[in-house]
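Okay, structure-v1.txt is below, compact mmCIF, C-alpha atoms and all ligand atoms:
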# COMPACT_ATOMS: atom_id res chain seq x y z
CA MET A 21 -82.14 39.09 -14.00
CA SER A 22 -79.78 37.48 -11.51
CA ALA A 23 -81.03 34.94 -8.95
CA ALA A 24 -81.65 36.16 -5.39
CA VAL A 25 -79.04 33.76 -4.10
CA ALA A 26 -76.03 31.87 -5.38
CA VAL A 27 -74.25 28.88 -3.92
CA VAL A 28 -70.58 28.51 -4.83
CA GLY A 29 -69.48 24.90 -4.59
CA ALA A 30 -71.61 21.91 -5.59
CA GLY A 31 -70.22 19.38 -3.15
CA ALA A 32 -72.62 17.62 -0.80
CA TRP A 33 -73.13 20.65 1.42
CA GLY A 34 -73.48 23.28 -1.32
CA THR A 35 -76.01 21.08 -3.07
CA ALA A 36 -77.99 20.48 0.12
CA LEU A 37 -78.01 24.20 0.91
CA ALA A 38 -79.21 24.97 -2.62
CA GLN A 39 -82.04 22.53 -1.98
CA VAL A 40 -83.01 24.37 1.24
CA LEU A 41 -82.89 27.79 -0.44
CA ALA A 42 -84.83 26.63 -3.52
CA ARG A 43 -88.03 25.91 -1.64
CA ASP A 44 -91.25 27.52 -2.94
CA GLY A 45 -89.73 27.87 -6.41
CA ARG A 46 -87.03 30.40 -5.46
CA GLU A 47 -84.34 30.44 -8.15
CA VAL A 48 -80.92 29.42 -6.86
CA VAL A 49 -77.77 29.48 -8.97
CA LEU A 50 -75.34 26.72 -8.02
CA TRP A 51 -71.75 26.98 -9.24
CA ALA A 52 -70.13 23.62 -9.88
CA ARG A 53 -66.42 23.25 -10.49
CA GLU A 54 -66.93 19.93 -12.27
CA ALA A 55 -68.29 20.51 -15.80
CA GLU A 56 -70.14 17.18 -15.82
CA LEU A 57 -72.11 18.24 -12.74
CA VAL A 58 -73.61 21.26 -14.49
CA GLY A 59 -75.34 18.98 -17.00
CA ALA A 60 -76.29 16.35 -14.42
CA ILE A 61 -77.93 18.95 -12.16
CA ASN A 62 -79.71 20.87 -14.94
CA ASP A 63 -80.81 17.86 -17.00
CA ASP A 64 -81.24 15.04 -14.50
CA ARG A 65 -81.84 16.96 -11.25
CA ARG A 66 -79.05 14.91 -9.62
CA ASN A 67 -75.58 15.37 -8.15
CA PRO A 68 -74.15 11.90 -8.67
CA LEU A 69 -70.62 12.87 -7.57
CA PHE A 70 -71.29 14.31 -4.14
CA LEU A 71 -74.96 13.84 -3.16
CA PRO A 72 -76.27 10.77 -4.95
CA GLY A 73 -79.83 9.53 -4.57
CA ILE A 74 -81.46 12.93 -3.98
CA GLU A 75 -83.79 14.58 -6.48
CA LEU A 76 -83.00 18.28 -6.68
CA ALA A 77 -85.57 21.08 -6.82
CA PRO A 78 -86.45 22.37 -10.32
CA SER A 79 -85.53 25.96 -9.39
CA ILE A 80 -81.86 25.06 -8.83
CA ARG A 81 -79.87 26.09 -11.90
CA ALA A 82 -76.28 24.93 -12.13
CA THR A 83 -73.58 26.95 -13.86
CA GLY A 84 -69.88 26.56 -14.49
CA ASP A 85 -69.48 30.32 -14.74
CA LEU A 86 -68.34 31.80 -11.44
CA ALA A 87 -68.92 35.37 -12.62
CA GLU A 88 -72.57 34.56 -13.32
CA ALA A 89 -73.05 33.12 -9.84
CA ALA A 90 -71.39 36.19 -8.35
CA THR A 91 -74.08 38.57 -9.65
CA ALA A 92 -76.48 37.45 -6.89
CA PRO A 93 -76.80 39.82 -3.91
CA VAL A 94 -76.34 36.90 -1.49
CA ILE A 95 -73.58 34.35 -2.13
CA LEU A 96 -73.01 31.24 -0.04
CA LEU A 97 -69.40 30.06 -0.25
CA VAL A 98 -69.32 26.28 0.20
CA THR A 99 -65.96 25.15 -1.18
CA PRO A 100 -63.65 23.22 1.17
CA ALA A 101 -61.70 25.51 3.50
CA GLN A 102 -58.34 25.07 1.73
CA HIS A 103 -59.87 26.30 -1.57
CA LEU A 104 -61.77 29.31 -0.23
CA SER A 105 -59.00 31.83 -0.84
CA ALA A 106 -58.50 30.82 -4.49
CA THR A 107 -62.26 30.75 -5.09
CA ILE A 108 -62.71 34.26 -3.69
CA ALA A 109 -59.77 35.47 -5.78
CA ALA A 110 -61.56 34.18 -8.90
CA LEU A 111 -64.77 36.08 -8.11
CA PRO A 112 -65.43 39.47 -9.68
CA ASP A 113 -65.83 42.39 -7.26
CA VAL A 114 -68.39 41.38 -4.61
CA ALA A 115 -68.22 44.54 -2.50
CA GLY A 116 -71.56 45.26 -0.90
CA ARG A 117 -72.81 41.67 -1.26
CA ASP A 118 -73.59 39.26 1.55
CA LEU A 119 -71.01 36.45 1.63
CA VAL A 120 -72.12 33.54 3.79
CA LEU A 121 -69.18 31.32 4.77
CA CYS A 122 -70.09 27.65 5.10
CA ALA A 123 -66.72 25.86 5.08
CA LYS A 124 -65.43 24.46 8.37
CA GLY A 125 -61.68 24.71 8.64
CA ILE A 126 -58.55 26.82 9.09
CA GLU A 127 -56.27 27.69 6.17
CA ALA A 128 -52.94 25.85 6.05
CA GLY A 129 -49.84 28.03 5.82
CA THR A 130 -51.51 31.30 6.77
CA LEU A 131 -53.40 29.92 9.84
CA ARG A 132 -56.35 32.13 8.87
CA LEU A 133 -59.94 31.45 9.89
CA MET A 134 -62.42 31.56 7.00
CA GLY A 135 -63.59 35.05 8.01
CA GLU A 136 -60.04 36.36 7.76
CA VAL A 137 -59.60 34.71 4.36
CA ALA A 138 -62.81 36.36 3.13
CA ARG A 139 -62.03 39.75 4.66
CA ASP A 140 -58.63 39.77 2.94
CA GLY A 141 -59.98 38.54 -0.41
CA ALA A 142 -63.26 40.47 -0.55
CA PRO A 143 -62.77 43.52 1.68
CA GLY A 144 -66.07 45.28 0.93
CA ALA A 145 -68.37 42.28 1.39
CA ALA A 146 -70.71 41.74 4.35
CA LEU A 147 -69.66 38.46 6.00
CA ALA A 148 -71.77 35.89 7.78
CA VAL A 149 -71.05 32.34 8.98
CA LEU A 150 -73.54 29.50 8.77
CA SER A 151 -72.58 26.48 10.87
CA GLY A 152 -74.18 23.75 12.95
CA PRO A 153 -75.14 20.06 13.05
CA THR A 154 -75.93 19.46 9.40
CA PHE A 155 -75.23 16.21 7.61
CA ALA A 156 -75.89 17.21 4.00
CA ALA A 157 -77.96 14.14 3.08
CA GLU A 158 -80.36 14.69 6.00
CA VAL A 159 -80.77 18.39 5.21
CA ALA A 160 -81.33 17.71 1.50
CA THR A 161 -84.10 15.22 2.26
CA GLY A 162 -85.88 17.75 4.50
CA LEU A 163 -85.10 16.30 7.93
CA PRO A 164 -85.07 19.06 10.57
CA THR A 165 -82.05 20.78 12.10
CA ALA A 166 -80.96 24.14 13.51
CA VAL A 167 -77.85 26.20 12.82
CA THR A 168 -76.01 29.28 14.00
CA LEU A 169 -76.11 32.18 11.52
CA ALA A 170 -73.48 34.63 12.75
CA CYS A 171 -73.71 38.03 11.10
CA SER A 172 -70.87 40.56 11.07
CA GLY A 173 -73.45 43.15 10.05
CA GLY A 174 -75.56 42.51 13.14
CA GLU A 175 -79.36 42.33 13.13
CA LYS A 176 -79.70 44.35 9.93
CA GLN A 177 -77.85 41.65 8.03
CA TRP A 178 -79.78 38.93 9.88
CA ASP A 179 -83.03 40.55 8.69
CA ARG A 180 -81.80 40.13 5.10
CA LEU A 181 -80.45 36.61 5.44
CA ALA A 182 -82.72 34.79 7.89
CA PRO A 183 -85.83 34.79 5.64
CA LEU A 184 -83.74 33.36 2.80
CA VAL A 185 -82.14 30.63 4.87
CA ALA A 186 -84.97 29.63 7.22
CA GLY A 187 -87.35 26.89 6.15
CA PRO A 188 -89.88 24.60 7.79
CA ALA A 189 -87.09 22.13 8.66
CA PHE A 190 -84.06 24.46 8.72
CA ARG A 191 -83.96 26.84 11.65
CA PRO A 192 -81.21 29.47 11.94
CA TYR A 193 -80.43 31.17 15.25
CA TYR A 194 -78.92 34.66 15.31
CA SER A 195 -75.45 35.42 16.60
CA ASP A 196 -72.94 38.20 16.04
CA ASP A 197 -70.00 36.02 17.15
CA ILE A 198 -68.36 35.23 13.80
CA VAL A 199 -65.15 33.86 15.34
CA GLY A 200 -67.05 31.63 17.75
CA ALA A 201 -69.17 30.12 14.96
CA GLU A 202 -66.08 29.49 12.82
CA ILE A 203 -64.03 27.90 15.57
CA GLY A 204 -66.71 25.42 16.63
CA GLY A 205 -67.02 24.02 13.10
CA ALA A 206 -63.28 23.85 12.49
CA VAL A 207 -62.31 22.25 15.81
CA LYS A 208 -65.13 19.69 15.96
CA ASN A 209 -63.85 18.05 12.75
CA VAL A 210 -60.50 17.27 14.40
CA LEU A 211 -62.20 16.00 17.55
CA ALA A 212 -64.48 13.78 15.43
CA ILE A 213 -61.39 12.05 14.05
CA ALA A 214 -60.31 11.36 17.64
CA CYS A 215 -63.75 9.95 18.49
CA GLY A 216 -63.59 7.69 15.48
CA VAL A 217 -60.23 6.38 16.69
CA VAL A 218 -61.75 5.56 20.08
CA ASP A 219 -64.52 3.58 18.38
CA GLY A 220 -62.12 1.96 15.88
CA LEU A 221 -60.13 0.67 18.85
CA GLN A 222 -63.39 -0.46 20.54
CA LEU A 223 -62.59 1.45 23.72
CA GLY A 224 -66.26 1.69 24.72
CA GLN A 225 -68.98 4.30 25.05
CA ASN A 226 -67.62 5.73 28.31
CA ALA A 227 -64.36 6.54 26.54
CA ARG A 228 -66.21 8.25 23.69
CA ALA A 229 -68.26 10.40 26.09
CA ALA A 230 -65.13 11.31 28.04
CA LEU A 231 -63.36 12.26 24.83
CA ILE A 232 -66.25 14.46 23.64
CA SER A 233 -66.22 16.24 26.98
CA ARG A 234 -62.44 16.73 27.15
CA GLY A 235 -62.48 17.68 23.47
CA PHE A 236 -65.04 20.36 24.20
CA ALA A 237 -62.74 21.66 26.97
CA GLU A 238 -60.03 22.05 24.30
CA MET A 239 -62.46 23.80 21.94
CA LEU A 240 -63.46 26.18 24.73
CA ARG A 241 -59.88 27.01 25.77
CA PHE A 242 -58.83 27.61 22.19
CA GLY A 243 -61.97 29.54 21.29
CA LEU A 244 -61.68 31.87 24.28
CA ALA A 245 -58.02 32.55 23.42
CA MET A 246 -59.12 33.47 19.88
CA GLY A 247 -61.81 35.89 21.10
CA ALA A 248 -64.86 33.62 20.74
CA ARG A 249 -67.68 33.70 23.28
CA ALA A 250 -68.26 30.66 25.50
CA GLU A 251 -72.00 30.58 24.79
CA THR A 252 -71.38 30.33 21.04
CA LEU A 253 -69.04 27.38 21.59
CA ALA A 254 -71.69 25.73 23.77
CA GLY A 255 -74.30 26.28 21.03
CA LEU A 256 -75.26 24.70 17.71
CA SER A 257 -72.05 25.53 15.84
CA GLY A 258 -69.85 24.20 18.65
CA LEU A 259 -71.13 21.57 21.04
CA GLY A 260 -74.14 20.77 18.82
CA ASP A 261 -71.99 19.93 15.82
CA LEU A 262 -69.39 18.20 18.00
CA VAL A 263 -71.97 15.77 19.38
CA LEU A 264 -73.31 15.03 15.88
CA THR A 265 -69.96 14.54 14.22
CA CYS A 266 -68.54 12.43 17.06
CA SER A 267 -71.44 9.98 16.99
CA SER A 268 -71.90 8.70 13.47
CA VAL A 269 -70.07 6.95 10.66
CA ALA A 270 -72.02 9.31 8.37
CA SER A 271 -69.30 11.82 9.33
CA ARG A 272 -66.31 11.73 6.98
CA ASN A 273 -64.06 12.87 9.84
CA TYR A 274 -65.33 10.29 12.33
CA SER A 275 -65.11 7.49 9.75
CA LEU A 276 -61.54 8.52 8.93
CA GLY A 277 -60.68 8.27 12.63
CA LYS A 278 -62.41 4.89 12.92
CA ALA A 279 -60.29 3.59 10.05
CA LEU A 280 -57.15 4.92 11.78
CA GLY A 281 -58.18 3.12 14.97
CA GLU A 282 -58.63 -0.06 12.96
CA GLY A 283 -55.04 0.23 11.73
CA GLN A 284 -55.41 1.84 8.29
CA SER A 285 -53.27 4.80 7.24
CA ALA A 286 -54.75 8.25 6.67
CA ASP A 287 -53.18 8.42 3.21
CA ALA A 288 -54.83 5.17 2.13
CA VAL A 289 -58.27 6.16 3.47
CA LEU A 290 -58.22 9.65 1.94
CA ALA A 291 -56.89 8.45 -1.43
CA ALA A 292 -59.98 6.26 -1.82
CA ARG A 293 -62.43 9.19 -1.35
CA ASN A 294 -63.63 12.05 -3.54
CA SER A 295 -65.13 13.90 -0.57
CA VAL A 296 -63.32 16.14 1.87
CA ALA A 297 -62.44 15.28 5.50
CA GLU A 298 -61.68 18.80 6.73
CA GLY A 299 -60.27 17.65 10.06
CA ALA A 300 -57.28 16.05 8.34
CA HIS A 301 -56.30 19.45 6.90
CA THR A 302 -57.25 21.45 9.98
CA ALA A 303 -55.50 19.30 12.61
CA PRO A 304 -51.87 20.40 12.01
CA VAL A 305 -52.92 24.01 11.42
CA LEU A 306 -54.98 24.06 14.59
CA ALA A 307 -52.08 22.55 16.54
CA SER A 308 -49.77 25.33 15.27
CA LEU A 309 -52.26 28.07 16.04
CA ALA A 310 -52.93 26.66 19.52
CA ALA A 311 -49.18 26.49 20.20
CA ALA A 312 -48.79 30.09 19.06
CA LYS A 313 -51.57 31.11 21.48
CA GLY A 314 -50.13 29.00 24.33
CA VAL A 315 -53.27 26.81 24.48
CA ALA A 316 -52.87 23.12 25.42
CA MET A 317 -54.78 20.83 23.03
CA PRO A 318 -53.53 17.30 23.76
CA ILE A 319 -56.33 15.53 21.85
CA VAL A 320 -55.63 17.65 18.77
CA ALA A 321 -51.89 16.88 19.13
CA ALA A 322 -52.73 13.17 19.32
CA VAL A 323 -54.76 13.39 16.10
CA VAL A 324 -51.84 15.10 14.34
CA THR A 325 -49.53 12.25 15.38
CA LEU A 326 -52.00 9.64 14.13
CA LEU A 327 -52.56 11.38 10.79
CA ASP A 328 -48.78 11.50 10.29
CA GLY A 329 -48.50 7.80 11.11
CA GLY A 330 -46.18 8.83 13.95
CA ALA A 331 -47.31 6.08 16.35
CA PRO A 332 -49.88 3.27 16.52
CA ALA A 333 -53.34 4.36 17.74
CA ARG A 334 -53.19 2.31 20.96
CA GLU A 335 -49.88 3.96 21.89
CA VAL A 336 -51.26 7.45 21.28
CA VAL A 337 -54.29 6.72 23.48
CA ALA A 338 -52.03 5.34 26.22
CA TRP A 339 -50.00 8.56 26.06
CA LEU A 340 -53.17 10.66 26.45
CA LEU A 341 -54.30 8.62 29.47
CA ALA A 342 -50.88 8.79 31.15
CA ARG A 343 -50.65 12.58 31.18
CA PRO A 344 -50.21 14.17 34.64
CA LEU A 345 -53.44 14.39 36.68
CA ARG A 346 -54.92 17.87 36.94
CA ALA A 347 -58.02 19.91 37.71
CA GLU A 348 -60.95 19.44 35.32
CA GLN A 349 -61.38 23.18 34.72
CA GLY A 350 -58.65 25.57 33.69
CA GLY A 351 -55.94 25.91 31.05
N1 LIG A 401 -71.11 17.49 3.72
C1 LIG A 401 -71.65 17.97 4.81
O1 LIG A 401 -72.51 17.33 5.43
C2 LIG A 401 -71.24 19.32 5.32
C3 LIG A 401 -72.06 19.97 6.25
C4 LIG A 401 -71.68 21.21 6.74
C5 LIG A 401 -70.50 21.80 6.31
N2 LIG A 401 -69.73 21.15 5.41
C6 LIG A 401 -68.53 21.84 4.97
O2 LIG A 401 -68.71 22.30 3.65
C7 LIG A 401 -67.46 22.38 2.96
C8 LIG A 401 -67.59 21.66 1.63
O3 LIG A 401 -67.78 20.29 1.92
P1 LIG A 401 -68.69 19.33 1.04
O4 LIG A 401 -69.12 18.23 1.94
O5 LIG A 401 -69.75 20.08 0.33
O6 LIG A 401 -67.64 18.80 -0.04
P2 LIG A 401 -67.61 17.37 -0.75
O7 LIG A 401 -66.66 16.50 -0.03
O8 LIG A 401 -69.01 16.85 -0.92
O9 LIG A 401 -67.07 17.71 -2.18
C9 LIG A 401 -65.77 18.19 -2.40
C10 LIG A 401 -65.88 19.60 -2.92
O10 LIG A 401 -64.58 20.12 -3.09
C11 LIG A 401 -64.59 20.87 -4.29
N3 LIG A 401 -63.23 21.07 -4.76
C12 LIG A 401 -62.27 20.15 -4.98
N4 LIG A 401 -61.16 20.76 -5.43
C13 LIG A 401 -61.43 22.08 -5.48
C14 LIG A 401 -60.69 23.24 -5.85
N5 LIG A 401 -59.42 23.15 -6.27
N6 LIG A 401 -61.30 24.46 -5.76
C15 LIG A 401 -62.56 24.58 -5.34
N7 LIG A 401 -63.32 23.52 -4.96
C16 LIG A 401 -62.75 22.29 -5.04
C17 LIG A 401 -65.43 20.04 -5.22
O11 LIG A 401 -65.83 20.77 -6.35
C18 LIG A 401 -66.59 19.71 -4.27
O12 LIG A 401 -67.49 20.77 -4.25
C19 LIG A 401 -66.44 21.74 3.90
O13 LIG A 401 -65.74 22.76 4.58
C20 LIG A 401 -67.28 20.96 4.90
O14 LIG A 401 -66.69 20.84 6.17
C21 LIG A 401 -70.06 19.94 4.89
O1 LIG A 402 -68.96 14.53 7.35
P1 LIG A 402 -68.24 15.57 8.18
O2 LIG A 402 -67.43 14.98 9.26
O3 LIG A 402 -67.48 16.51 7.29
O4 LIG A 402 -69.36 16.45 8.90
C1 LIG A 402 -70.32 17.10 8.15
C2 LIG A 402 -70.90 18.30 8.88
O5 LIG A 402 -69.90 19.22 9.22
C3 LIG A 402 -71.72 17.91 10.09
O6 LIG A 402 -72.30 19.07 10.64

Now that the file is in, can you turn its structure into structure tokens?
Ligand SMILES: NC(=O)c1ccc[n+]([C@@H]2O[C@H](COP(=O)([O-])OP(=O)(O)OC[C@H]3O[C@@H](n4cnc5c(N)ncnc54)[C@H](O)[C@@H]3O)[C@@H](O)[C@H]2O)c1
Ligand SMILES: O=P(O)(O)OC[C@H](O)CO
Amino acid sequence: MSAAVAVVGAGAWGTALAQVLARDGREVVLWAREAELVGAINDDRRNPLFLPGIELAPSIRATGDLAEAATAPVILLVTPAQHLSATIAALPDVAGRDLVLCAKGIEAGTLRLMGEVARDGAPGAALAVLSGPTFAAEVATGLPTAVTLACSGGEKQWDRLAPLVAGPAFRPYYSDDIVGAEIGGAVKNVLAIACGVVDGLQLGQNARAALISRGFAEMLRFGLAMGARAETLAGLSGLGDLVLTCSSVASRNYSLGKALGEGQSADAVLAARNSVAEGAHTAPVLASLAAAKGVAMPIVAAVVTLLDGGAPAREVVAWLLARPLRAEQGG
């Protein structure tokens, strides 16, 4: 008999989500791309590559067989955004299943949001997006948080998914705004890099707060142009995750930005990591998409310049501050 739920991707977030779903002995199948992780999870109850130091629930069963994971009626897709399309293409037919998208990013080249990638790759599946302020290590140790669970299938789909996802310390809130939930998670990663730069340059807490606020204005402008609802962007998957990710070195995106502000190059920082910093991939794609929609996103443009090594961080900040004065609200 197949498990009630499968998690595809055993990085930090997929492993933490498996831990949430596996409460009360529920069997969860966790697909790991790395063969050594299958043994480590099944035999040692550990994920030493991506979530070290956490003992995993006994009802999590790792597999290296994607087809086996795909037999579950509910499948959480937790690969990095740039690998979602290839992962879906490798799945057997998942028509009629619930696919819960958990990656936060926009696909390079095609400029597709994760929902578009999944709709194209798995046309008959019922899509949902799970997104919010969720550092994997905190979630895996049972610290409380709340997320947006946006369901393309409306309340009927929510009734299927919410009881699976919700736990004593993991509280989903219903939405039907798939695009809004996706955009918050993708854009906040780029803005977190910018916040890290501000802190790497030691520009002060006022500057960080100002940047979060002006960054949110960019997220809102872009989101509205893409068809998102303002209240979704102001919720857990938008502002909530932005505040989290812009405030802590536990964020891979923020810590990348901090290193840039301290004078390191993006290439050097990323080459030393095995974990993903989605904002580095999303930034140029987001800048292209915003340009195509006629949406001004100066902070995002500044992050693109910094990631490319196009100018020193202090110069990029000076450029941002010297832009023409304008009204706080508006495009
Ligand atoms: N870590 C978190 O706290 C957290 C929280 C919420 C959302 N997310 C999102 O979840 C997604 C996954 O991030 P993560 O933190 O679990 O990853 P991670 O940085 O912990 O691990 C990297 C992951 O990338 C996978 N990978 C590498 N190359 C691949 C390929 N060619 N095909 C498929 N998979 C490949 C690895 O197997 C591994 O699962 C990202 O979009 C991230 O933004 C992460
Ligand atoms: O470590 P980050 O920057 O990828 O952030 C992780 C999560 O998205 C926080 O919600």

Ligand LIG 402 (chain A) neighbours within 9 Å using all atoms listed in the file, as a PyMOL selection string: chain A and resi 33+123-124+151-156+205-206+208-210+212-213+257+260-262+264-266+268-276+295-299

A:Gly283: which residues within 9 Å, counting only C-alpha atoms, same-chain residues fewer than 2 positions away excluded, as an MDAnalysis selection string? chainID A and resid 220:221 278:281 285 332:333

Selection export as an mmCIF file, in the coordinates of the input, atoms kept: C-alpha atoms:
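Written out: out20.cif:
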data_model
loop_
_atom_site.group_PDB
_atom_site.id
_atom_site.type_symbol
_atom_site.label_atom_id
_atom_site.label_comp_id
_atom_site.auth_asym_id
_atom_site.auth_seq_id
_atom_site.Cartn_x
_atom_site.Cartn_y
_atom_site.Cartn_z
ATOM 1 C CA GLY A 220 -62.120 1.960 15.880
ATOM 2 C CA LEU A 221 -60.130 0.670 18.850
ATOM 3 C CA LYS A 278 -62.410 4.890 12.920
ATOM 4 C CA ALA A 279 -60.290 3.590 10.050
ATOM 5 C CA LEU A 280 -57.150 4.920 11.780
ATOM 6 C CA GLY A 281 -58.180 3.120 14.970
ATOM 7 C CA SER A 285 -53.270 4.800 7.240
ATOM 8 C CA PRO A 332 -49.880 3.270 16.520
ATOM 9 C CA ALA A 333 -53.340 4.360 17.740
#

Quote the spacing between atom CA of A:Asp85 and atom O3 of ligand LIG 401 (chain A) in Å to one decimal place. 19.5 Å

At a cut-off of 10 Å, using only C-alpha atoms, what residues contact A:Thr161? Leave out same-chain residues fewer than 6 positions from it and give the result as a short mmCIF file (atom, residue, chain, number, x, y, z; two decimals) with C-alpha atoms, in the coordinates of the input.
data_model
loop_
_atom_site.label_atom_id
_atom_site.label_comp_id
_atom_site.auth_asym_id
_atom_site.auth_seq_id
_atom_site.Cartn_x
_atom_site.Cartn_y
_atom_site.Cartn_z
CA ALA A 36 -77.99 20.48 0.12
CA GLN A 39 -82.04 22.53 -1.98
CA VAL A 40 -83.01 24.37 1.24
CA GLY A 73 -79.83 9.53 -4.57
CA ILE A 74 -81.46 12.93 -3.98
CA GLU A 75 -83.79 14.58 -6.48
CA LEU A 76 -83.00 18.28 -6.68
CA ALA A 189 -87.09 22.13 8.66
#

Six-sided padding of 3 Å per side, axis-aligned box over ligand LIG 401 (chain A), centre and edges in Å, one decimal, as AutoDock Vina command-line options:
--center_x -66.0 --center_y 20.5 --center_z 0.2 --size_x 19.1 --size_y 14.1 --size_z 19.1

Quick one: residues within 10 Å of A:Ala201, all atoms listed in the file, excluding same-chain residues fewer than 2 positions away - as an MDAnalysis selection string? chainID A and resid 124 148:152 167:171 195:199 203:206 243 248:249 252:253 255:258

Between atom CA of A:Phe236 and atom CA of A:Val263, what is the spacing in Å? 9.6 Å

When you look at stretch 88-104 of chain A with a cut-off of 7 Å (counting only C-alpha atoms), what residues show up, excluding the ones that are within fewer than 2 positions of it in the same chain? I need them as an MDAnalysis selection string. chainID A and resid 22:29 33:34 49 51 85:86 106:108 111:112 117:128

Go through A:Ser308, A:Gln222, A:Ser172, A:Thr83 and flag the residue nearest A:Ala146, using all atoms listed in the file for the distances.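 Closest to A:Ala146 of all the choices is A:Ser172.
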
The distance between atom CA of A:Val114 and atom CA of A:Ala145 is 6.1 Å

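Selecting by distance to (-66.1, 47.0, -4.0) with a limit of 8 Å and using all atoms listed in the file, one obtains Asp113, Val114, Ala115, Gly116, Ala142, Pro143, Gly144 and Ala145 of chain A.
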
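Minimum distance to ligand LIG 401 (chain A) across A:Arg293, A:Arg191, A:Arg81, A:Arg241 (counting all atoms listed in the file) occurs at A:Arg293.
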
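With only C-alpha atoms as the basis for measurement, A:Val217 is the residue among A:Phe242, A:Ile232, A:Val289, A:Val217 that approaches A:Val336 most closely.
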
If we count only C-alpha atoms, what is near stretch 321-330 of chain A at a cut-off of 6 Å, once residues fewer than 4 positions away on the same chain are taken out, given as number ranges by chain? A: 286, 303-304

How about saving the chosen residues, C-alpha atoms kept, as an mmCIF file, keeping the file's coordinate frame?
data_model
loop_
_atom_site.group_PDB
_atom_site.id
_atom_site.type_symbol
_atom_site.label_atom_id
_atom_site.label_comp_id
_atom_site.auth_asym_id
_atom_site.auth_seq_id
_atom_site.Cartn_x
_atom_site.Cartn_y
_atom_site.Cartn_z
ATOM 1 C CA ALA A 286 -54.750 8.250 6.670
ATOM 2 C CA ALA A 303 -55.500 19.300 12.610
ATOM 3 C CA PRO A 304 -51.870 20.400 12.010
#

Pick the closest to ligand LIG 401 (chain A) from A:Ala182, A:Gly141, A:Leu290, A:Gly235: which is it, counting all atoms listed in the file?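 Going through A:Ala182, A:Gly141, A:Leu290, A:Gly235 one by one, the smallest distance to ligand LIG 401 (chain A) is for A:Leu290.
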
Rank nothing, just name the residue among A:Ala109, A:Ala157, A:Ala245, A:Ala237 nearest to ligand LIG 401 (chain A), using only C-alpha atoms and all ligand atoms. A:Ala157

For each of A:Gly277, A:Gly59, A:Pro68, A:Gly45, take the minimum atom-to-atom distance to ligand LIG 401 (chain A), counting only C-alpha atoms and all ligand atoms, then give the residue where this is smallest. A:Pro68

When you write stretch 115-143 of chain A out from the block above, keep C-alpha atoms and present the result as a CSV table (one decimal), in the first residue's frame, please.
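Contents of the output file part_11.csv:
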chain,number,residue,atom,x,y,z
A,115,ALA,CA,-3.1,13.3,-13.0
A,116,GLY,CA,-5.8,13.5,-10.3
A,117,ARG,CA,-3.2,13.8,-7.5
A,118,ASP,CA,-2.7,16.7,-5.2
A,119,LEU,CA,0.7,18.4,-6.0
A,120,VAL,CA,1.8,20.8,-3.3
A,121,LEU,CA,4.4,23.2,-4.6
A,122,CYS,CA,6.9,24.3,-1.9
A,123,ALA,CA,9.8,25.8,-3.9
A,124,LYS,CA,10.2,29.6,-3.8
A,125,GLY,CA,11.5,30.9,-7.1
A,126,ILE,CA,10.9,31.7,-10.8
A,127,GLU,CA,12.3,29.5,-13.6
A,128,ALA,CA,15.2,30.9,-15.5
A,129,GLY,CA,14.8,31.1,-19.3
A,130,THR,CA,11.1,30.5,-19.4
A,131,LEU,CA,10.2,33.1,-16.6
A,132,ARG,CA,7.5,30.7,-15.3
A,133,LEU,CA,6.2,30.7,-11.8
A,134,MET,CA,6.2,27.3,-10.1
A,135,GLY,CA,2.5,26.9,-10.8
A,136,GLU,CA,3.0,27.4,-14.5
A,137,VAL,CA,5.8,24.9,-14.5
A,138,ALA,CA,3.6,22.3,-12.8
A,139,ARG,CA,0.6,23.0,-14.9
A,140,ASP,CA,2.6,22.5,-18.1
A,141,GLY,CA,4.4,19.4,-16.8
A,142,ALA,CA,1.5,17.7,-14.9
A,143,PRO,CA,-1.7,19.1,-16.6
